[in-house]
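Asker: One structure coming up, written as structure tokens, with questions to follow.
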Amino acid sequence: MSDAESDLAALVRAEVERQMNPFQIMQVSSVREDGKVNLQWGETIINDVAANQAYNPRAEGDVVLVLQHSAGWRVMDKIGGPVEVDIPEPVDLTFGDGLPAGDFVQVNSVFMKDGAIYGLIGEGPAPGPGEPPRKSKPKPVTLDPASTAAYRDGRRDGSRPAQGAWPSYPHPYSSVFLYGSRIAAACEGKTVDSMQIRVARTSKYHGVSGKVRPRLGLHDETSPPSKTPKLTNRWDGPGLGMGDSKWITIPASQAARLASGASRGVGIGAGTGKSNYMIATEGSGNLRIKFKT
């Protein structure tokens with residue numbers, strides 16, 4: 001048998017085996033913003049896989065049953081126990097054009113979360129004798145960056161945030177999210193409980209198929225400089241698959257610098273190496289601040 005005939009026989013045998021056993025068990029490597037998932041099959045990452053509506057909610061690390069068909073792969077459902085859904089108790093709603101009778105309390109503001117309803121009726125418990133008036137907790141603040149700037153080879157190179165290098169781009173990227181002085185202004189007079197920054201990796205193929213960690217740091221810029229700004233107080237975020245996004249907690253010491261104005265913003269940057277290369281998308285850099293008091 002010639003080499004060509006041997007290769008053809010191998011292809012036919014592989015196709016027959018696929019059709020006889022089209023199902024595989026895989027693990028979800030990451031969940032994409034578009035609802036699709038990236039799968040891990042041994043050492044291989046399979047990106048951009050659609051899933052049945054029954055597979056919901058979707059989470060990183062899920063073990064799933066996957067079907068291979070003529071158009072590619074499709075996740076059928078999660079393998080494991082059924083998902084327990086918390087169903088809230090029914091709420092008795094009554095509408096009218098007059099004041100209600102009975103022990104009703106007037107609600108100033110209504111808040112909702114995961115099916116629960118919360119009515120704000122005041123500023124909290126009344127202070128005791130001799131105590132100062134108690135303040136309500138400040139509302140969380142979300143800031144989007146005023147601008148984004150990317151740098152490569154010491155100079156500004158567009159506004160698309162990226163980090164690291166790739167063979168086609170041998171000089172590594174660094175990028176900064178700029179907020180002016182708005183972070184310190186939002187925190188003035190308040191005690192910060194936590195800060196998070198959102199980083200989203202593009203779903204367009206780039207770099208490695210697996211996860212890449214954002215390499216984050218602080219900067220002192222209020223507007224885009226012409227040369228690569230310095231990133232300090234560095235830390236690593238969690239791995240992001242293609243199309244994945246996460247709210248990344250900023251360590252307490254770095255959050256304190258941002259709140260005080262000692263640092264002005266956050267950036268991403270990494271050296272060479274395929275495992276560091278990542279392109280972020282619009283919406284990256286949004287900063288969420290929660291307060292204690």
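How things are named: the first chain in the structure tokens is A, the next is B, and so on; residues count from 1 in each chain; ligands count from 1 in the order shown.
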May I have the residues within 7 Å of A:Glu221 as a ChimeraX atom specification, using only C-alpha atoms and disregarding those fewer than 5 positions away in the same chain?
Answerer: /A:178,264-265
Asker: Would you output that residue set with N, CA, C and O atoms, as a PDB file, in the first residue's frame?
Answerer:
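Below is the file again28.pdb, written as the result:
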ATOM      1  N   LEU A 178      -6.646  55.564  31.867  1.00  0.00           N
ATOM      2  CA  LEU A 178      -6.468  56.895  32.454  1.00  0.00           C
ATOM      3  C   LEU A 178      -7.805  57.447  32.944  1.00  0.00           C
ATOM      4  O   LEU A 178      -8.811  57.396  32.226  1.00  0.00           O
ATOM      5  N   ARG A 264      -2.527  57.328  40.033  1.00  0.00           N
ATOM      6  CA  ARG A 264      -3.674  57.898  39.311  1.00  0.00           C
ATOM      7  C   ARG A 264      -4.488  56.886  38.516  1.00  0.00           C
ATOM      8  O   ARG A 264      -5.623  57.159  38.150  1.00  0.00           O
ATOM      9  N   GLY A 265      -3.886  55.720  38.211  1.00  0.00           N
ATOM     10  CA  GLY A 265      -4.604  54.779  37.375  1.00  0.00           C
ATOM     11  C   GLY A 265      -3.933  53.430  37.348  1.00  0.00           C
ATOM     12  O   GLY A 265      -2.956  53.167  38.054  1.00  0.00           O
TER      13      GLY A 265
END
Asker: Using only C-alpha atoms, which protein or nucleic acid residues come within 10 Å of stretch 235-246 of chain A? Drop anything in the same chain fewer than 5 positions from it, and give the result as a ChimeraX atom specification.
Answerer: /A:29-39,45,47-48,196-218,251,254,268,278-281,283-284
Asker: Just asking: which residues within stretch 108-219 of chain A are strand (DSSP E) according to DSSP, as a PyMOL selection string?
Answerer: chain A and resi 109-113+116-120+141-143+147-152+155-156+162-166+169-178+192-200+215-219
Asker: What does the distance between atom CA of A:Ser275 and atom CA of A:Asp157 come to in Å, to one decimal place?
Answerer: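 Rounded to one decimal, the two atoms are 21.3 Å apart.
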Asker: Using only C-alpha atoms, which of A:Tyr179, A:Tyr151, A:Tyr169, A:Phe95 sits nearest A:Ser226?
Answerer: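 Checking each candidate against A:Ser226, we get A:Tyr151 as the closest.
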